[in-house]
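Coordinates from start10.cif are shown below (mmCIF, C-alpha atoms).
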data_query
#
loop_
_atom_site.label_atom_id
_atom_site.label_comp_id
_atom_site.auth_asym_id
_atom_site.auth_seq_id
_atom_site.Cartn_x
_atom_site.Cartn_y
_atom_site.Cartn_z
CA MET K 1 0.00 0.00 0.00
CA ASP K 2 1.08 3.55 -0.60
CA THR K 3 2.43 5.09 2.59
CA ARG K 4 1.77 8.73 1.60
CA ASP K 5 -1.34 10.45 2.87
CA THR K 6 -4.00 11.46 0.37
CA SER K 7 -3.23 15.18 0.62
CA GLN K 8 0.37 14.58 -0.44
CA ILE K 9 -0.74 12.48 -3.40
CA TYR K 10 -3.21 15.11 -4.57
CA GLU K 11 -0.59 17.83 -4.18
CA GLU K 12 1.92 15.94 -6.33
CA VAL K 13 -0.71 15.13 -8.96
CA ALA K 14 -1.76 18.79 -9.08
CA LYS K 15 1.83 19.98 -9.59
CA HIS K 16 2.47 17.45 -12.30
CA TYR K 17 -0.66 18.25 -14.29
CA SER K 18 -0.18 21.98 -13.95
CA ALA K 19 3.14 21.44 -15.72
CA ALA K 20 1.45 19.14 -18.24
CA SER K 21 -1.10 21.86 -19.03
CA GLN K 22 1.70 23.90 -20.59
CA THR K 23 2.54 21.19 -23.14
CA THR K 24 2.62 22.37 -26.76
CA SER K 25 3.77 19.27 -28.65
CA VAL K 26 0.92 18.43 -31.03
CA LYS K 27 2.74 15.56 -32.75
CA TYR K 28 3.51 13.81 -29.49
CA GLY K 29 -0.15 13.93 -28.50
CA GLU K 30 -1.24 12.63 -31.90
CA THR K 31 1.07 9.62 -31.73
CA VAL K 32 -0.12 8.69 -28.25
CA ALA K 33 -3.79 9.16 -29.15
CA LYS K 34 -3.55 7.10 -32.33
CA SER K 35 -1.81 4.29 -30.46
CA PHE K 36 -4.88 4.09 -28.20
CA GLY K 37 -7.46 4.05 -30.96
CA TYR K 38 -8.29 7.63 -31.91
CA THR K 39 -8.73 8.24 -35.63
CA GLU K 40 -7.36 10.98 -37.86
CA GLU K 41 -10.91 12.30 -38.22
CA GLU K 42 -11.40 12.53 -34.48
CA LEU K 43 -8.10 14.35 -33.99
CA ALA K 44 -9.02 16.79 -36.76
CA ASN K 45 -12.32 17.65 -35.04
CA ILE K 46 -10.89 19.04 -31.80
CA PRO K 47 -9.26 22.38 -31.06
CA GLU K 48 -5.49 22.25 -31.46
CA GLY K 49 -3.95 21.96 -28.04
CA ALA K 50 -6.74 19.90 -26.47
CA ASN K 51 -4.88 16.63 -26.91
CA LEU K 52 -1.93 16.60 -24.52
CA GLY K 53 -1.03 12.94 -25.01
CA LEU K 54 -2.60 11.93 -21.69
CA SER K 55 -4.85 9.17 -23.01
CA CYS K 56 -4.59 5.46 -22.29
CA GLY K 57 -7.55 4.49 -24.45
CA ASN K 58 -10.56 5.92 -26.24
CA PRO K 59 -13.65 5.82 -23.99
CA LEU K 60 -15.83 7.20 -26.78
CA ALA K 61 -15.18 4.02 -28.75
CA ILE K 62 -16.62 1.94 -25.91
CA THR K 63 -20.10 3.47 -25.98
CA SER K 64 -22.26 5.19 -28.59
CA LEU K 65 -23.33 8.71 -27.71
CA ARG K 66 -26.62 9.91 -29.11
CA GLU K 67 -27.89 13.33 -30.14
CA GLY K 68 -29.26 15.27 -27.18
CA GLU K 69 -27.57 13.22 -24.45
CA THR K 70 -25.64 14.58 -21.48
CA VAL K 71 -22.13 13.19 -21.05
CA ILE K 72 -19.72 13.90 -18.20
CA ASP K 73 -15.95 13.47 -18.47
CA LEU K 74 -14.26 12.86 -15.12
CA GLY K 75 -10.77 14.37 -15.11
CA SER K 76 -11.30 16.25 -18.36
CA GLY K 77 -7.91 17.96 -18.55
CA ALA K 78 -7.65 20.29 -21.55
CA GLY K 79 -10.98 19.05 -22.90
CA PHE K 80 -9.92 16.46 -25.49
CA ASP K 81 -12.78 13.99 -24.92
CA VAL K 82 -15.24 16.71 -23.93
CA PHE K 83 -14.90 18.38 -27.32
CA LEU K 84 -15.18 15.07 -29.16
CA ALA K 85 -18.27 14.16 -27.15
CA ALA K 86 -19.83 17.56 -27.91
CA THR K 87 -19.71 16.84 -31.65
CA ARG K 88 -21.66 13.62 -31.04
CA VAL K 89 -24.37 14.83 -28.67
CA GLY K 90 -24.84 17.93 -30.83
CA PRO K 91 -26.22 21.36 -29.93
CA THR K 92 -29.17 19.86 -28.04
CA GLY K 93 -26.87 17.76 -25.85
CA ARG K 94 -24.41 18.66 -23.09
CA SER K 95 -20.76 17.74 -22.70
CA ILE K 96 -19.44 18.51 -19.22
CA GLY K 97 -15.84 18.26 -18.03
CA ILE K 98 -14.94 17.89 -14.34
CA ASP K 99 -11.38 18.65 -13.24
CA PHE K 100 -9.75 19.88 -10.04
CA ASN K 101 -6.73 21.53 -11.69
CA ASP K 102 -7.07 25.27 -12.33
CA ASP K 103 -4.42 25.31 -15.05
CA MET K 104 -6.13 22.54 -17.00
CA LEU K 105 -9.51 24.25 -16.63
CA SER K 106 -8.04 27.50 -17.89
CA ARG K 107 -6.63 25.82 -20.97
CA ALA K 108 -9.88 23.97 -21.64
CA ASN K 109 -11.99 27.12 -21.36
CA SER K 110 -9.64 29.01 -23.65
CA LEU K 111 -9.96 26.29 -26.28
CA LYS K 112 -13.72 26.23 -25.83
CA ALA K 113 -13.87 29.96 -26.53
CA SER K 114 -11.68 29.55 -29.62
CA ARG K 115 -14.26 27.16 -31.11
CA GLY K 116 -17.28 29.15 -29.97
CA PHE K 117 -19.02 26.37 -28.09
CA PRO K 118 -21.99 27.78 -26.12
CA ASP K 119 -22.18 27.13 -22.38
CA SER K 120 -25.36 25.17 -22.97
CA GLN K 121 -23.40 22.60 -24.97
CA VAL K 122 -19.91 22.55 -23.42
CA SER K 123 -18.91 23.43 -19.87
CA PHE K 124 -15.96 22.81 -17.58
CA ILE K 125 -16.51 22.64 -13.84
CA LYS K 126 -13.96 22.62 -11.05
CA GLY K 127 -14.45 19.71 -8.73
CA SER K 128 -13.23 16.40 -7.39
CA ILE K 129 -14.33 13.17 -9.04
CA THR K 130 -14.84 11.71 -5.56
CA SER K 131 -17.51 14.37 -4.93
CA ILE K 132 -18.92 15.43 -8.30
CA PRO K 133 -20.51 18.90 -8.07
CA LEU K 134 -23.64 17.95 -10.02
CA GLU K 135 -27.14 16.86 -9.08
CA ALA K 136 -28.19 13.23 -9.03
CA GLU K 137 -29.36 11.65 -12.30
CA THR K 138 -27.79 14.33 -14.48
CA ALA K 139 -25.97 12.24 -17.09
CA ASP K 140 -26.77 9.63 -19.70
CA CYS K 141 -23.13 8.62 -19.91
CA ILE K 142 -19.97 9.12 -17.85
CA ILE K 143 -16.55 8.79 -19.45
CA SER K 144 -13.05 9.04 -18.05
CA ASN K 145 -9.62 8.60 -19.59
CA CYS K 146 -6.57 7.58 -17.54
CA VAL K 147 -7.62 9.50 -14.41
CA ILE K 148 -9.18 7.17 -11.85
CA ASN K 149 -5.80 5.48 -11.30
CA LEU K 150 -4.57 8.81 -9.88
CA VAL K 151 -7.12 8.73 -7.05
CA PRO K 152 -5.69 7.31 -3.79
CA GLU K 153 -6.84 3.72 -3.44
CA ALA K 154 -8.82 4.33 -0.26
CA GLU K 155 -10.93 6.91 -2.11
CA LYS K 156 -11.46 5.05 -5.39
CA PRO K 157 -14.76 3.45 -4.26
CA LEU K 158 -16.13 6.99 -3.87
CA VAL K 159 -15.56 7.64 -7.58
CA PHE K 160 -17.80 4.73 -8.60
CA LYS K 161 -20.46 5.64 -6.04
CA GLU K 162 -20.51 9.18 -7.39
CA MET K 163 -20.77 7.89 -10.96
CA HIS K 164 -23.81 5.84 -9.96
CA ARG K 165 -25.41 8.80 -8.18
CA VAL K 166 -24.95 11.22 -11.09
CA LEU K 167 -26.11 8.80 -13.81
CA LYS K 168 -29.73 8.50 -14.87
CA SER K 169 -31.37 5.11 -14.75
CA GLY K 170 -30.10 3.17 -17.76
CA GLY K 171 -27.02 5.38 -17.92
CA ARG K 172 -23.66 3.86 -18.70
CA VAL K 173 -20.03 4.19 -17.74
CA ALA K 174 -17.31 4.08 -20.41
CA VAL K 175 -13.82 4.34 -18.94
CA SER K 176 -10.29 3.90 -20.25
CA ASP K 177 -7.75 3.37 -17.51
CA ILE K 178 -4.43 1.74 -16.70
CA LEU K 179 -4.84 -1.35 -14.53
CA ALA K 180 -2.24 -3.59 -12.94
CA LYS K 181 -1.86 -7.05 -14.45
CA LYS K 182 -0.42 -8.37 -11.20
CA PRO K 183 0.47 -7.01 -7.76
CA LEU K 184 2.99 -4.22 -8.11
CA PRO K 185 6.21 -4.27 -6.03
CA GLU K 186 6.11 -2.11 -2.93
CA LYS K 187 8.96 0.09 -4.16
CA LEU K 188 7.10 0.75 -7.38
CA ARG K 189 3.88 1.47 -5.50
CA ASN K 190 5.63 4.06 -3.34
CA ASP K 191 7.42 5.88 -6.18
CA ILE K 192 5.68 9.24 -6.55
CA ALA K 193 7.03 9.76 -10.09
CA MET K 194 5.44 6.48 -11.09
CA TYR K 195 2.25 7.49 -9.30
CA VAL K 196 1.71 10.80 -11.09
CA GLY K 197 2.62 8.97 -14.30
CA CYS K 198 -0.45 6.73 -13.90
CA ILE K 199 1.49 3.54 -13.14
CA ALA K 200 1.97 3.14 -9.38
CA GLY K 201 -1.66 3.90 -8.59
CA ALA K 202 -3.02 1.26 -10.95
CA SER K 203 -5.55 -1.08 -9.37
CA GLU K 204 -6.15 -4.67 -10.39
CA LYS K 205 -9.08 -5.81 -12.51
CA GLN K 206 -10.89 -7.58 -9.69
CA GLN K 207 -10.73 -4.44 -7.54
CA TYR K 208 -12.31 -2.33 -10.28
CA GLU K 209 -15.01 -4.93 -10.80
CA GLY K 210 -15.74 -5.08 -7.08
CA TRP K 211 -16.01 -1.30 -6.73
CA LEU K 212 -18.38 -1.04 -9.70
CA LYS K 213 -20.67 -3.78 -8.41
CA GLU K 214 -20.62 -2.42 -4.85
CA ALA K 215 -21.72 0.96 -6.25
CA GLY K 216 -24.72 -0.73 -7.89
CA PHE K 217 -23.57 -1.17 -11.50
CA GLU K 218 -24.48 -4.16 -13.64
CA GLN K 219 -23.31 -5.59 -16.98
CA VAL K 220 -19.72 -4.88 -15.95
CA LEU K 221 -17.12 -5.46 -18.67
CA ILE K 222 -13.39 -4.97 -18.06
CA GLN K 223 -11.04 -5.92 -20.88
CA ASP K 224 -7.36 -5.43 -21.69
CA THR K 225 -7.11 -3.64 -25.04
CA GLY K 226 -3.58 -4.91 -25.67
CA ALA K 227 -2.34 -1.39 -26.48
CA ASP K 228 1.38 -0.73 -26.03
CA ILE K 229 1.89 1.25 -22.82
CA ASN K 230 5.53 1.82 -23.78
CA VAL K 231 4.38 4.48 -26.25
CA TYR K 232 4.76 6.89 -23.34
CA LEU K 233 8.41 6.00 -22.96
CA ASP K 234 9.71 6.12 -26.50
CA THR K 235 7.83 8.91 -28.28
CA ASP K 236 9.57 12.25 -28.78
CA GLU K 237 8.05 15.72 -29.27
CA GLU K 238 7.84 15.19 -33.02
CA GLY K 239 5.74 12.09 -32.55
CA ASN K 240 8.54 9.71 -33.49
CA ARG K 241 8.98 6.54 -31.48
CA GLY K 242 12.73 6.51 -31.03
CA GLY K 243 13.21 5.19 -27.53
CA CYS K 244 14.97 6.74 -24.59
CA CYS K 245 17.98 7.70 -26.64
CA ALA K 246 16.23 10.15 -28.92
CA PRO K 247 18.41 13.14 -29.81
CA PRO K 248 18.74 15.76 -27.07
CA GLY K 249 16.07 18.42 -27.28
CA THR K 250 13.51 16.24 -29.04
CA GLY K 251 11.54 16.36 -25.89
CA ALA K 252 9.21 13.74 -24.59
CA VAL K 253 11.81 11.35 -23.32
CA LYS K 254 10.38 9.67 -20.28
CA GLU K 255 11.62 8.27 -17.05
CA ALA K 256 11.98 4.65 -18.09
CA ALA K 257 9.25 2.53 -16.62
CA THR K 258 8.18 5.16 -14.18
CA GLY K 259 5.71 7.41 -15.90
CA GLY K 260 7.66 10.10 -14.12
CA CYS K 261 9.48 12.77 -16.08
CA CYS K 262 6.90 12.91 -18.83
CA ALA K 263 5.04 9.67 -18.90
CA PRO K 264 1.29 9.28 -19.32
CA PRO K 265 0.88 12.89 -18.23
CA GLY K 266 2.70 13.69 -21.47
CA THR K 267 4.72 16.66 -20.41
CA ALA K 268 7.47 17.38 -22.90
CA VAL K 269 11.03 17.85 -21.70
CA LYS K 270 12.11 21.34 -22.55
CA LYS K 271 14.88 22.07 -25.01
CA GLU K 272 18.22 23.12 -23.62
CA GLU K 273 17.69 26.79 -24.16
CA GLU K 274 14.30 26.76 -22.44
CA LYS K 275 14.53 26.93 -18.67
CA ALA K 276 10.87 26.73 -17.80
CA SER K 277 9.04 24.18 -15.69
CA SER K 278 10.21 20.60 -15.35
CA CYS K 279 8.10 17.66 -16.41
CA CYS K 280 7.15 16.75 -12.92
CA ALA K 281 6.63 20.06 -11.18
CA PRO K 282 6.34 23.73 -12.09
CA LYS K 283 9.86 24.52 -10.90
CA LYS K 284 12.51 26.04 -13.07
CA THR K 285 15.09 23.50 -14.17
CA GLU K 286 17.25 22.72 -17.12
CA CYS K 287 15.84 20.66 -20.00
CA ALA K 288 15.41 17.75 -17.65
CA PRO K 289 15.50 17.55 -13.87
CA ALA K 290 19.07 18.38 -12.88
CA ALA K 291 19.27 15.45 -10.52
CA ALA K 292 20.71 12.57 -12.45
CA SER K 293 22.57 9.40 -11.73
CA SER K 294 22.50 8.31 -15.35
CA SER K 295 21.68 9.99 -18.61
CA CYS K 296 18.91 8.81 -20.90
CA CYS K 297 21.38 7.16 -23.18
CA LYS K 298 24.22 6.02 -20.95
CA PRO K 299 24.58 3.19 -18.43
CA ALA K 300 23.37 3.91 -14.93
CA ALA K 301 26.93 3.87 -13.67
CA GLU K 302 27.72 7.09 -15.53
CA THR K 303 26.53 9.92 -13.37
CA THR K 304 27.71 13.10 -14.97
CA THR K 305 25.28 13.97 -17.76
CA SER K 306 21.60 14.64 -18.03
CA CYS K 307 19.53 14.30 -21.18
CA CYS K 308 20.67 17.57 -22.57
CA LYS K 309 23.74 18.95 -20.84
CA PRO K 310 26.28 18.14 -18.12
CA VAL K 311 24.96 18.49 -14.63
CA GLU K 312 26.25 17.87 -11.19
CA LYS K 313 26.05 14.34 -9.85
CA LYS K 314 22.83 13.63 -8.04
CA GLU K 315 20.34 10.84 -7.65
CA SER K 316 17.83 10.46 -10.47
CA SER K 317 17.85 10.88 -14.23
CA CYS K 318 15.07 11.60 -16.64
CA CYS K 319 15.00 7.95 -17.55
CA LYS K 320 15.47 5.88 -14.43
CA PRO K 321 15.31 6.75 -10.73
CA ALA K 322 18.69 5.85 -9.26
CA ALA K 323 17.10 5.25 -5.89
CA LYS K 324 15.48 2.18 -7.37
CA PRO K 325 17.70 -0.92 -7.18
CA GLU K 326 19.09 -1.90 -10.55
CA ALA K 327 17.31 -5.27 -10.53
CA GLU K 328 14.03 -3.58 -9.79
CA ALA K 329 14.59 -0.96 -12.49
CA GLU K 330 15.27 -3.65 -15.05
CA LYS K 331 12.05 -5.40 -14.13
CA THR K 332 9.99 -2.30 -14.76
CA GLU K 333 11.54 -1.09 -18.01
CA ASP K 334 8.74 -2.77 -20.00
CA LEU K 335 5.56 -1.21 -18.68
CA ASN K 336 3.47 -3.83 -20.48
CA GLU K 337 4.77 -6.46 -18.06
CA TRP K 338 3.11 -4.75 -15.12
CA VAL K 339 0.19 -2.72 -16.41
CA GLY K 340 -2.17 -2.52 -19.37
CA SER K 341 -4.68 -0.25 -21.05
CA TYR K 342 -8.16 -1.47 -20.11
CA LYS K 343 -11.63 -0.55 -21.30
CA ILE K 344 -14.33 -0.57 -18.64
CA TYR K 345 -18.07 -0.54 -19.32
CA ALA K 346 -21.01 -0.77 -16.91
CA VAL K 347 -24.70 0.14 -16.74
CA LYS K 348 -26.88 1.65 -14.01
CA ASN K 349 -30.24 -0.15 -14.09
#

What is this structure when it is put down as C-alpha cells?
Amino acid sequence: MDTRDTSQIYEEVAKHYSAASQTTSVKYGETVAKSFGYTEEELANIPEGANLGLSCGNPLAITSLREGETVIDLGSGAGFDVFLAATRVGPTGRSIGIDFNDDMLSRANSLKASRGFPDSQVSFIKGSITSIPLEAETADCIISNCVINLVPEAEKPLVFKEMHRVLKSGGRVAVSDILAKKPLPEKLRNDIAMYVGCIAGASEKQQYEGWLKEAGFEQVLIQDTGADINVYLDTDEEGNRGGCCAPPGTGAVKEAATGGCCAPPGTAVKKEEEKASSCCAPKKTECAPAAASSSCCKPAAETTTSCCKPVEKKESSCCKPAAKPEAEAEKTEDLNEWVGSYKIYAVKN
C-alpha cells in the first residue's frame, strides 16, 4: 500500500498536471492518441492543443453517444474527450468536463472559446471526481480517460459511487484506464514519479469490478485492449517513437518505466535553451531535472550527464530513478509487463 497520505498524493498530482497543461507538442499527442485508438478524423475535429497525449484508451469508442444526451468526463484535462463528445451529442446535448486543476480548466476554457461552443453545450466545472458537483441523475453517460488510477486507493470506491449517483437510470459508464496485471512491487507502488505517471496507482481488474458492483452497477465489462503502454516511454516531441535515446532536445523522453518525467501525463522535456518548468513540477530547471545518476542514453553507472547537458552528480535521471535498485529498475523497463490499457463498461439499471 502507498504510505503517503491522500493530501500529499493530490498535491503531487496537481503539480504534475499543472506542468502538463503547458505542453505544446501536437505531434507527441497525436502519436499517443492514435496508439490508443483515436482516428485521424477525431483528432481533426478538436481544437489544437486539447490533446496533450494523456490518453490510455478511447472511452468514446466503448459506448455510442446519441444526439441530445448529457455526457460527463471525469478528469477532463484540456478538454480532449469533452470536445469530441460535444460533436456527437450535438447542440441539443451537453458535454461537461470535471477537473480539479485550475491550469487545466483555464486551458480547456480558452480552447472552448476559440471554437465558440456555447455554455449550454460545453462546460468545464472545477471539482473532485470523488464528490462530483452535479445533481443526481444528471448524465446519460460518464466517461473518463486515464484519471481514476490517480485517485488514492482508499478513495477510489467513492468515484464509482458518485458515478452511480450522477447517472440517470439506464445510464452507462465508459472508462479507459491503466490497470495492474499483477500485484505491483512495494517500491514501485511508493514511487511518486510512477504514481503521477499513472502507473503506481493502478488497481487490479478484480478491484475495479468489485467497486463497480458495490456501487450498484451491472453488466460490468473490463477488458485489456492490448495497447502498447511503452508508447509513453519512447515517443519524442515530433511524434517519433525513437526510444529513450532520442536526440537531445527532441523532448518527450520519459523516465523509463516510471511514468515520471513525462510519462502518461505527457509533459514534454524542454529544449536546452528553455529553462521553464520541469516535467514533474512547475519549478525552473534545465531541459530535464538536474538530478541525475545516469543519462537517458548512458549506463546507470555514468553519473555526470543529463539528457541535454552536463549536470552535477545527483540521484535520479530523466529515464530511471537511481534510488530504485538496478534489478528492480530492469524489471519495470517494459511497462506492459506490469500494467495494461483497459476498457471498462457498466450500466446503471

Check your understanding: Leaving out segment 100-112 of chain K and any residue of its chain fewer than 3 positions from it, which residues lie within 6 Å of it when counting only C-alpha atoms, given as a list in words?
Key -> Ser18, Ser21, Gly77, Ala78, Gly79, Arg115, Phe117, Lys126, Gly127 and Ser128 of chain K

Kindly resolve the PyMOL selection byres ((chain K and resi 207-211) around 8) on the present coordinates and return the residues as a PDB file with C-alpha atoms, keeping the file's coordinate frame.
ATOM      1  CA  LYS K 156     -11.460   5.050  -5.390  1.00  0.00           C
ATOM      2  CA  PRO K 157     -14.760   3.450  -4.260  1.00  0.00           C
ATOM      3  CA  PHE K 160     -17.800   4.730  -8.600  1.00  0.00           C
ATOM      4  CA  SER K 203      -5.550  -1.080  -9.370  1.00  0.00           C
ATOM      5  CA  GLU K 204      -6.150  -4.670 -10.390  1.00  0.00           C
ATOM      6  CA  LYS K 205      -9.080  -5.810 -12.510  1.00  0.00           C
ATOM      7  CA  GLN K 206     -10.890  -7.580  -9.690  1.00  0.00           C
ATOM      8  CA  LEU K 212     -18.380  -1.040  -9.700  1.00  0.00           C
ATOM      9  CA  LYS K 213     -20.670  -3.780  -8.410  1.00  0.00           C
ATOM     10  CA  GLU K 214     -20.620  -2.420  -4.850  1.00  0.00           C
ATOM     11  CA  ALA K 215     -21.720   0.960  -6.250  1.00  0.00           C
ATOM     12  CA  VAL K 220     -19.720  -4.880 -15.950  1.00  0.00           C
ATOM     13  CA  ILE K 222     -13.390  -4.970 -18.060  1.00  0.00           C
TER      14      ILE K 222
END

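Reported to one decimal place, the separation of atom CA of Ser123 of chain K from atom CA of Lys161 of chain K is 22.6 Å.
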
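Note on the selection: in this file the PyMOL selection byres ((chain K and resi 63) around 9) comes out as Pro59, Leu60, Ala61, Ile62, Ser64, Leu65, Cys141, Arg172, Val173, Ala174 and Tyr345 of chain K.
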
Would you put the residues from that selection into a file with C-alpha atoms, as an mmCIF file, in the frame of the given file?
data_model
loop_
_atom_site.group_PDB
_atom_site.id
_atom_site.type_symbol
_atom_site.label_atom_id
_atom_site.label_comp_id
_atom_site.auth_asym_id
_atom_site.auth_seq_id
_atom_site.Cartn_x
_atom_site.Cartn_y
_atom_site.Cartn_z
ATOM 1 C CA PRO K 59 -13.650 5.820 -23.990
ATOM 2 C CA LEU K 60 -15.830 7.200 -26.780
ATOM 3 C CA ALA K 61 -15.180 4.020 -28.750
ATOM 4 C CA ILE K 62 -16.620 1.940 -25.910
ATOM 5 C CA SER K 64 -22.260 5.190 -28.590
ATOM 6 C CA LEU K 65 -23.330 8.710 -27.710
ATOM 7 C CA CYS K 141 -23.130 8.620 -19.910
ATOM 8 C CA ARG K 172 -23.660 3.860 -18.700
ATOM 9 C CA VAL K 173 -20.030 4.190 -17.740
ATOM 10 C CA ALA K 174 -17.310 4.080 -20.410
ATOM 11 C CA TYR K 345 -18.070 -0.540 -19.320
#

Box for segment 23-32 of chain K - axis-aligned, 5 Å on each of the six sides, all listed atoms - centre and size in Å to one decimal, as JSON.
{"center_x": 1.3, "center_y": 15.5, "center_z": -27.9, "size_x": 15.0, "size_y": 23.7, "size_z": 19.6}

**Study point:** Picked residues, the PyMOL selection byres ((chain K and resi 6) around 12), expected as a list in words
**Key:**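 Applying the PyMOL selection byres ((chain K and resi 6) around 12) to the structure shown produces Asp2, Thr3, Arg4, Asp5, Ser7, Gln8, Ile9, Tyr10, Glu11, Glu12, Val13, Leu150, Val151, Pro152, Glu153, Ala154, Glu155, Lys156 and Gly201 of chain K.
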
Point to revise | Which residue of K:Ile178, K:Ile98, K:Ala19, K:Val71 approaches Thr225 of chain K most closely, using all atoms listed in the file | key: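 Smallest separation from Thr225 of chain K among the options: K:Ile178.
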
Review point. Taking all atoms listed in the file into account, which of K:Lys348, K:Lys343, K:Lys27, K:Lys168 comes nearest Asn145 of chain K?
Key: K:Lys343

Check your understanding: Do you have the atom CA of Glu30 of chain K-atom CA of Leu52 of chain K distance handy?
Key ->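 Separation of atom CA of Glu30 of chain K and atom CA of Leu52 of chain K: 8.4 Å.
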
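Using only C-alpha atoms, the shortest contact distance between Thr24 of chain K and any of K:Leu233, K:Glu69, K:Gly53, K:Leu43 is found at K:Gly53.
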